[in-house]
2 protein chains.
Amino acid sequence: MSDEQFEKLRQELRRGILVLAVLGSLRQPHYGYSLRKQLQDAGLDIDEGTLYPLVRRLADQGLLTSEWQQGEGRERRYYQLSPEGSSLLESLGNEWRALNQHVGKILEVNDGTH
Amino acid sequence: MSDEQFEKLRQELRRGILVLAVLGSLRQPHYGYSLRKQLQDAGLDIDEGTLYPLVRRLADQGLLTSEWQQGEGRERRYYQLSPEGSSLLESLGNEWRALNQHVGKILEVNDGTH
């Protein structure tokens, strides 16, 4: 398997839970950079070219509300979960927890290192 | 957000970790149906049209070895992790555990229900 193939699988693994991480972060209002910083602080380094289009897509789908606010001396567009976004976060979060439990079970069975 | 959009996000979340679940299961030899059954028993219900092509793809990439064996009265093709597959399982598994930790951190912060 080439590095490229491994990288593709790694990206596939990340992509699905990225939405979850962004929705989870946006229970609090953030503008682009502060969102990116919060995700980074939690260990998720997502480049701007991936994160910002994703945020705009979620806003277009009605999952986020946004408004211009004064922050640190300049106007910035702040995003936050809409009620619909909160409801999606809850559903996806439950799905994610269930998946983790299932996969965790599979990875532990017959694994000599555990 | 439509049901269709939610279903798409749900599928995206599943897709990435499906490879991980399949690799984890194939530390032991399985033929198609027994693999599907094992995943199902762990809570992951994956339809044949998704699972079997994925297994063939992983085999084509050299991540699985396969051989015909007698099982329950008929010849079946059994699949099992190759050394390269084991190594991928370890890398992806580490990635998955790290991602879970990061996302878990994000989801718990400021969450009134925890």
# chains A, B, ... in the order shown; residues from 1 in each chain; ligands from 1
$ calpha_fit_and_write --fixed "chain B" --moving "chain A" --output "compact mmCIF listing (two decimals) with N, CA and C atoms, in the first residue's frame"
# COMPACT_ATOMS: atom_id res chain seq x y z
N MET A 1 -32.82 20.84 7.25
CA MET A 1 -32.02 19.76 6.66
C MET A 1 -32.92 18.57 6.36
N SER A 2 -32.80 18.06 5.16
CA SER A 2 -33.65 16.94 4.75
C SER A 2 -33.13 15.63 5.33
N ASP A 3 -33.99 14.63 5.34
CA ASP A 3 -33.57 13.30 5.78
C ASP A 3 -32.42 12.80 4.93
N GLU A 4 -32.48 13.17 3.64
CA GLU A 4 -31.45 12.73 2.71
C GLU A 4 -30.08 13.31 3.09
N GLN A 5 -30.10 14.59 3.47
CA GLN A 5 -28.84 15.23 3.88
C GLN A 5 -28.30 14.59 5.17
N PHE A 6 -29.21 14.32 6.10
CA PHE A 6 -28.77 13.67 7.34
C PHE A 6 -28.19 12.30 7.04
N GLU A 7 -28.88 11.56 6.17
CA GLU A 7 -28.41 10.22 5.81
C GLU A 7 -27.02 10.29 5.18
N LYS A 8 -26.77 11.32 4.39
CA LYS A 8 -25.47 11.46 3.73
C LYS A 8 -24.36 11.68 4.78
N LEU A 9 -24.64 12.52 5.76
CA LEU A 9 -23.65 12.77 6.81
C LEU A 9 -23.41 11.52 7.64
N ARG A 10 -24.49 10.79 7.87
CA ARG A 10 -24.39 9.56 8.64
C ARG A 10 -23.52 8.54 7.90
N GLN A 11 -23.75 8.46 6.59
CA GLN A 11 -22.96 7.53 5.78
C GLN A 11 -21.48 7.92 5.77
N GLU A 12 -21.23 9.24 5.74
CA GLU A 12 -19.86 9.73 5.71
C GLU A 12 -19.14 9.35 7.00
N LEU A 13 -19.90 9.43 8.08
CA LEU A 13 -19.34 9.08 9.39
C LEU A 13 -19.01 7.59 9.44
N ARG A 14 -19.87 6.76 8.86
CA ARG A 14 -19.67 5.32 8.87
C ARG A 14 -18.55 4.89 7.94
N ARG A 15 -18.50 5.51 6.75
CA ARG A 15 -17.61 5.04 5.70
C ARG A 15 -16.16 4.93 6.19
N GLY A 16 -15.73 5.98 6.86
CA GLY A 16 -14.33 6.04 7.26
C GLY A 16 -13.94 4.93 8.22
N ILE A 17 -14.86 4.57 9.11
CA ILE A 17 -14.46 3.60 10.12
C ILE A 17 -14.81 2.17 9.70
N LEU A 18 -15.49 2.06 8.56
CA LEU A 18 -15.83 0.74 8.06
C LEU A 18 -14.57 -0.07 7.73
N VAL A 19 -13.62 0.58 7.08
CA VAL A 19 -12.36 -0.07 6.73
C VAL A 19 -11.68 -0.60 7.99
N LEU A 20 -11.70 0.24 9.01
CA LEU A 20 -11.09 -0.14 10.28
C LEU A 20 -11.77 -1.37 10.86
N ALA A 21 -13.09 -1.39 10.83
CA ALA A 21 -13.84 -2.52 11.38
C ALA A 21 -13.54 -3.80 10.60
N VAL A 22 -13.46 -3.68 9.28
CA VAL A 22 -13.20 -4.86 8.44
C VAL A 22 -11.79 -5.38 8.70
N LEU A 23 -10.81 -4.48 8.73
CA LEU A 23 -9.44 -4.93 9.01
C LEU A 23 -9.36 -5.58 10.39
N GLY A 24 -10.04 -4.97 11.36
CA GLY A 24 -10.02 -5.53 12.72
C GLY A 24 -10.61 -6.93 12.76
N SER A 25 -11.68 -7.14 12.02
CA SER A 25 -12.33 -8.46 11.99
C SER A 25 -11.44 -9.50 11.32
N LEU A 26 -10.68 -9.06 10.33
CA LEU A 26 -9.92 -10.02 9.51
C LEU A 26 -8.54 -10.34 10.09
N ARG A 27 -8.33 -10.04 11.36
CA ARG A 27 -7.17 -10.63 12.04
C ARG A 27 -7.40 -12.14 12.16
N GLN A 28 -8.69 -12.52 12.12
CA GLN A 28 -9.08 -13.93 12.03
C GLN A 28 -9.59 -14.19 10.62
N PRO A 29 -9.36 -15.39 10.07
CA PRO A 29 -9.87 -15.65 8.72
C PRO A 29 -11.41 -15.70 8.69
N HIS A 30 -11.95 -15.12 7.66
CA HIS A 30 -13.41 -15.13 7.45
C HIS A 30 -13.71 -15.25 5.97
N TYR A 31 -14.83 -15.87 5.64
CA TYR A 31 -15.34 -15.75 4.28
C TYR A 31 -16.43 -14.68 4.33
N GLY A 32 -16.90 -14.26 3.16
CA GLY A 32 -17.81 -13.12 3.09
C GLY A 32 -18.92 -13.10 4.13
N TYR A 33 -19.70 -14.19 4.17
CA TYR A 33 -20.85 -14.16 5.04
C TYR A 33 -20.46 -14.16 6.52
N SER A 34 -19.41 -14.91 6.86
CA SER A 34 -19.04 -14.98 8.28
C SER A 34 -18.46 -13.64 8.76
N LEU A 35 -17.83 -12.92 7.83
CA LEU A 35 -17.36 -11.57 8.17
C LEU A 35 -18.55 -10.65 8.42
N ARG A 36 -19.52 -10.73 7.52
CA ARG A 36 -20.69 -9.87 7.63
C ARG A 36 -21.42 -10.16 8.96
N LYS A 37 -21.48 -11.44 9.30
CA LYS A 37 -22.14 -11.86 10.54
C LYS A 37 -21.38 -11.32 11.75
N GLN A 38 -20.05 -11.39 11.71
CA GLN A 38 -19.29 -10.91 12.87
C GLN A 38 -19.47 -9.41 13.08
N LEU A 39 -19.46 -8.66 11.98
CA LEU A 39 -19.66 -7.22 12.08
C LEU A 39 -21.07 -6.91 12.61
N GLN A 40 -22.02 -7.68 12.12
CA GLN A 40 -23.41 -7.52 12.55
C GLN A 40 -23.54 -7.79 14.06
N ASP A 41 -22.88 -8.83 14.51
CA ASP A 41 -22.93 -9.17 15.94
C ASP A 41 -22.35 -8.05 16.80
N ALA A 42 -21.39 -7.32 16.22
CA ALA A 42 -20.80 -6.21 16.97
C ALA A 42 -21.63 -4.94 16.83
N GLY A 43 -22.72 -5.00 16.05
CA GLY A 43 -23.62 -3.86 15.92
C GLY A 43 -23.49 -3.11 14.60
N LEU A 44 -22.58 -3.57 13.73
CA LEU A 44 -22.38 -2.88 12.44
C LEU A 44 -23.06 -3.65 11.32
N ASP A 45 -24.20 -3.18 10.93
CA ASP A 45 -24.95 -3.85 9.87
C ASP A 45 -24.56 -3.23 8.53
N ILE A 46 -23.81 -3.96 7.74
CA ILE A 46 -23.30 -3.43 6.47
C ILE A 46 -23.85 -4.29 5.34
N ASP A 47 -24.50 -3.66 4.37
CA ASP A 47 -25.09 -4.51 3.35
C ASP A 47 -24.03 -5.12 2.43
N GLU A 48 -24.39 -6.24 1.83
CA GLU A 48 -23.44 -7.00 1.01
C GLU A 48 -22.86 -6.17 -0.12
N GLY A 49 -23.69 -5.32 -0.70
CA GLY A 49 -23.26 -4.51 -1.83
C GLY A 49 -22.18 -3.49 -1.46
N THR A 50 -22.04 -3.23 -0.18
CA THR A 50 -20.98 -2.35 0.30
C THR A 50 -19.79 -3.16 0.79
N LEU A 51 -20.10 -4.20 1.57
CA LEU A 51 -19.04 -4.96 2.24
C LEU A 51 -18.18 -5.77 1.28
N TYR A 52 -18.81 -6.52 0.39
CA TYR A 52 -18.03 -7.43 -0.44
C TYR A 52 -17.10 -6.71 -1.41
N PRO A 53 -17.56 -5.65 -2.08
CA PRO A 53 -16.61 -4.90 -2.92
C PRO A 53 -15.45 -4.30 -2.11
N LEU A 54 -15.76 -3.87 -0.87
CA LEU A 54 -14.70 -3.31 -0.02
C LEU A 54 -13.64 -4.37 0.28
N VAL A 55 -14.09 -5.58 0.60
CA VAL A 55 -13.16 -6.68 0.90
C VAL A 55 -12.28 -6.98 -0.32
N ARG A 56 -12.91 -7.01 -1.50
CA ARG A 56 -12.13 -7.29 -2.71
C ARG A 56 -11.11 -6.18 -2.98
N ARG A 57 -11.52 -4.94 -2.73
CA ARG A 57 -10.61 -3.81 -2.93
C ARG A 57 -9.40 -3.92 -1.99
N LEU A 58 -9.67 -4.25 -0.72
CA LEU A 58 -8.57 -4.38 0.25
C LEU A 58 -7.64 -5.52 -0.14
N ALA A 59 -8.21 -6.61 -0.69
CA ALA A 59 -7.38 -7.74 -1.14
C ALA A 59 -6.53 -7.31 -2.34
N ASP A 60 -7.14 -6.57 -3.27
CA ASP A 60 -6.40 -6.07 -4.44
C ASP A 60 -5.23 -5.17 -4.03
N GLN A 61 -5.42 -4.45 -2.93
CA GLN A 61 -4.36 -3.54 -2.47
C GLN A 61 -3.28 -4.28 -1.67
N GLY A 62 -3.44 -5.58 -1.53
CA GLY A 62 -2.42 -6.36 -0.83
C GLY A 62 -2.57 -6.34 0.69
N LEU A 63 -3.71 -5.86 1.16
CA LEU A 63 -3.91 -5.76 2.62
C LEU A 63 -4.49 -7.04 3.20
N LEU A 64 -5.03 -7.87 2.32
CA LEU A 64 -5.59 -9.16 2.74
C LEU A 64 -4.98 -10.26 1.88
N THR A 65 -4.81 -11.43 2.48
CA THR A 65 -4.51 -12.62 1.69
C THR A 65 -5.81 -13.41 1.60
N SER A 66 -5.92 -14.27 0.61
CA SER A 66 -7.13 -15.08 0.54
C SER A 66 -6.78 -16.47 0.04
N GLU A 67 -7.55 -17.45 0.48
CA GLU A 67 -7.40 -18.80 -0.07
C GLU A 67 -8.71 -19.56 0.01
N TRP A 68 -8.86 -20.48 -0.94
CA TRP A 68 -10.05 -21.32 -0.95
C TRP A 68 -9.89 -22.41 0.10
N GLN A 69 -10.93 -22.57 0.93
CA GLN A 69 -10.90 -23.62 1.95
C GLN A 69 -12.26 -24.25 2.06
N GLN A 70 -12.20 -25.48 2.54
CA GLN A 70 -13.44 -26.19 2.82
C GLN A 70 -14.03 -25.61 4.11
N GLY A 71 -15.28 -25.16 4.07
CA GLY A 71 -15.90 -24.67 5.29
C GLY A 71 -17.38 -25.01 5.27
N GLU A 72 -17.86 -25.69 6.28
CA GLU A 72 -19.27 -26.06 6.35
C GLU A 72 -19.75 -26.73 5.06
N GLY A 73 -18.94 -27.67 4.58
CA GLY A 73 -19.39 -28.48 3.45
C GLY A 73 -19.17 -27.93 2.06
N ARG A 74 -18.69 -26.69 1.95
CA ARG A 74 -18.40 -26.21 0.60
C ARG A 74 -17.15 -25.35 0.58
N GLU A 75 -16.60 -25.21 -0.60
CA GLU A 75 -15.40 -24.38 -0.79
C GLU A 75 -15.77 -22.91 -0.65
N ARG A 76 -15.01 -22.21 0.15
CA ARG A 76 -15.27 -20.77 0.27
C ARG A 76 -13.93 -20.03 0.23
N ARG A 77 -13.97 -18.78 -0.21
CA ARG A 77 -12.75 -17.99 -0.20
C ARG A 77 -12.62 -17.30 1.16
N TYR A 78 -11.58 -17.68 1.88
CA TYR A 78 -11.32 -17.07 3.19
C TYR A 78 -10.32 -15.93 3.04
N TYR A 79 -10.62 -14.85 3.74
CA TYR A 79 -9.72 -13.68 3.73
C TYR A 79 -9.11 -13.49 5.11
N GLN A 80 -7.89 -12.97 5.12
CA GLN A 80 -7.24 -12.66 6.40
C GLN A 80 -6.23 -11.54 6.18
N LEU A 81 -5.92 -10.79 7.22
CA LEU A 81 -4.96 -9.70 7.11
C LEU A 81 -3.60 -10.18 6.62
N SER A 82 -3.00 -9.45 5.70
CA SER A 82 -1.61 -9.68 5.33
C SER A 82 -0.75 -8.88 6.32
N PRO A 83 0.56 -9.09 6.34
CA PRO A 83 1.41 -8.27 7.23
C PRO A 83 1.21 -6.78 6.94
N GLU A 84 1.05 -6.43 5.68
CA GLU A 84 0.83 -5.02 5.34
C GLU A 84 -0.52 -4.53 5.89
N GLY A 85 -1.51 -5.41 5.84
CA GLY A 85 -2.81 -5.06 6.40
C GLY A 85 -2.74 -4.86 7.91
N SER A 86 -1.95 -5.70 8.59
CA SER A 86 -1.78 -5.55 10.04
C SER A 86 -1.15 -4.21 10.37
N SER A 87 -0.19 -3.84 9.55
CA SER A 87 0.49 -2.58 9.81
C SER A 87 -0.46 -1.40 9.56
N LEU A 88 -1.31 -1.51 8.53
CA LEU A 88 -2.31 -0.46 8.30
C LEU A 88 -3.32 -0.40 9.44
N LEU A 89 -3.74 -1.57 9.90
CA LEU A 89 -4.70 -1.61 11.01
C LEU A 89 -4.14 -0.87 12.22
N GLU A 90 -2.86 -1.08 12.48
CA GLU A 90 -2.26 -0.43 13.64
C GLU A 90 -2.24 1.10 13.45
N SER A 91 -1.82 1.55 12.26
CA SER A 91 -1.76 3.00 12.01
C SER A 91 -3.14 3.64 12.05
N LEU A 92 -4.09 3.02 11.34
CA LEU A 92 -5.44 3.60 11.30
C LEU A 92 -6.09 3.54 12.67
N GLY A 93 -5.82 2.47 13.40
CA GLY A 93 -6.38 2.33 14.75
C GLY A 93 -5.87 3.45 15.66
N ASN A 94 -4.58 3.75 15.55
CA ASN A 94 -4.03 4.84 16.36
C ASN A 94 -4.65 6.17 15.97
N GLU A 95 -4.80 6.37 14.68
CA GLU A 95 -5.41 7.60 14.18
C GLU A 95 -6.84 7.73 14.72
N TRP A 96 -7.57 6.62 14.65
CA TRP A 96 -8.96 6.62 15.10
C TRP A 96 -9.06 6.94 16.60
N ARG A 97 -8.19 6.31 17.39
CA ARG A 97 -8.22 6.58 18.83
C ARG A 97 -7.90 8.04 19.14
N ALA A 98 -6.92 8.61 18.40
CA ALA A 98 -6.56 10.01 18.62
C ALA A 98 -7.73 10.93 18.23
N LEU A 99 -8.33 10.66 17.07
CA LEU A 99 -9.47 11.47 16.62
C LEU A 99 -10.60 11.43 17.64
N ASN A 100 -10.89 10.24 18.13
CA ASN A 100 -11.97 10.09 19.10
C ASN A 100 -11.73 10.91 20.34
N GLN A 101 -10.48 10.89 20.76
CA GLN A 101 -10.14 11.64 21.96
C GLN A 101 -10.35 13.13 21.72
N HIS A 102 -9.91 13.61 20.54
CA HIS A 102 -10.04 15.03 20.21
C HIS A 102 -11.52 15.42 20.13
N VAL A 103 -12.28 14.61 19.40
CA VAL A 103 -13.69 14.96 19.20
C VAL A 103 -14.46 14.83 20.52
N GLY A 104 -14.11 13.81 21.29
CA GLY A 104 -14.73 13.64 22.60
C GLY A 104 -14.52 14.88 23.47
N LYS A 105 -13.32 15.43 23.39
CA LYS A 105 -13.00 16.62 24.16
C LYS A 105 -13.89 17.78 23.72
N ILE A 106 -14.03 17.96 22.42
CA ILE A 106 -14.86 19.05 21.88
C ILE A 106 -16.32 18.88 22.28
N LEU A 107 -16.82 17.65 22.20
CA LEU A 107 -18.24 17.43 22.48
C LEU A 107 -18.56 17.58 23.96
N GLU A 108 -17.58 17.32 24.81
CA GLU A 108 -17.87 17.43 26.24
C GLU A 108 -17.79 18.84 26.78
N VAL A 109 -16.89 19.65 26.22
CA VAL A 109 -16.72 21.02 26.68
C VAL A 109 -18.04 21.78 26.55
N ASN A 110 -18.42 22.47 27.58
CA ASN A 110 -19.62 23.30 27.56
C ASN A 110 -20.92 22.53 27.31
N ASP A 111 -20.87 21.24 27.52
CA ASP A 111 -22.06 20.45 27.27
C ASP A 111 -22.76 20.20 28.61
N GLY A 112 -23.88 20.88 28.77
CA GLY A 112 -24.59 20.82 30.05
C GLY A 112 -25.04 19.43 30.43
N THR A 113 -25.13 18.53 29.44
CA THR A 113 -25.65 17.19 29.74
C THR A 113 -24.57 16.28 30.33
N HIS A 114 -23.32 16.76 30.39
CA HIS A 114 -22.25 15.94 30.98
C HIS A 114 -21.76 16.56 32.28
$ select_by_dssp --residues "chain A" --states "strand (DSSP E or B)" --output "list in words"
His30, Leu64, Thr65, Ser66, Glu67, Trp68, Gln69, Gln70, Gly71, Arg74, Glu75, Arg76, Arg77, Tyr78, Tyr79, Gln80 and Leu81 of chain A
$ select_by_dssp --residues "region 2-113 of chain B" --states "helix (DSSP H, G or I)" --output "count of residues only"
72
$ decode --residues "region 14-45 of chain A" --atoms "C-alpha atoms" --output "CSV table (one decimal), in the first residue's frame"
chain,number,residue,atom,x,y,z
A,14,ARG,CA,-11.3,12.2,9.4
A,15,ARG,CA,-13.8,13.6,7.0
A,16,GLY,CA,-16.8,12.0,8.6
A,17,ILE,CA,-16.1,13.2,12.1
A,18,LEU,CA,-15.0,16.7,11.0
A,19,VAL,CA,-18.7,17.8,10.7
A,20,LEU,CA,-19.3,16.5,14.2
A,21,ALA,CA,-16.3,18.4,15.6
A,22,VAL,CA,-17.4,21.6,13.9
A,23,LEU,CA,-21.0,21.4,15.1
A,24,GLY,CA,-19.7,20.6,18.6
A,25,SER,CA,-17.5,23.7,18.6
A,26,LEU,CA,-20.2,25.9,17.3
A,27,ARG,CA,-22.5,25.5,20.3
A,28,GLN,CA,-20.5,28.6,21.2
A,29,PRO,CA,-20.2,31.5,18.7
A,30,HIS,CA,-17.0,31.6,16.7
A,31,TYR,CA,-15.6,33.4,13.7
A,32,GLY,CA,-13.5,31.4,11.2
A,33,TYR,CA,-10.1,31.8,12.9
A,34,SER,CA,-11.3,31.3,16.5
A,35,LEU,CA,-13.1,28.1,15.4
A,36,ARG,CA,-10.0,26.8,13.7
A,37,LYS,CA,-8.0,27.7,16.8
A,38,GLN,CA,-10.4,25.8,19.1
A,39,LEU,CA,-10.3,22.7,17.0
A,40,GLN,CA,-6.5,22.9,16.9
A,41,ASP,CA,-6.4,23.2,20.6
A,42,ALA,CA,-8.4,20.0,20.9
A,43,GLY,CA,-5.9,18.3,18.6
A,44,LEU,CA,-7.7,18.6,15.2
A,45,ASP,CA,-5.6,20.6,12.8
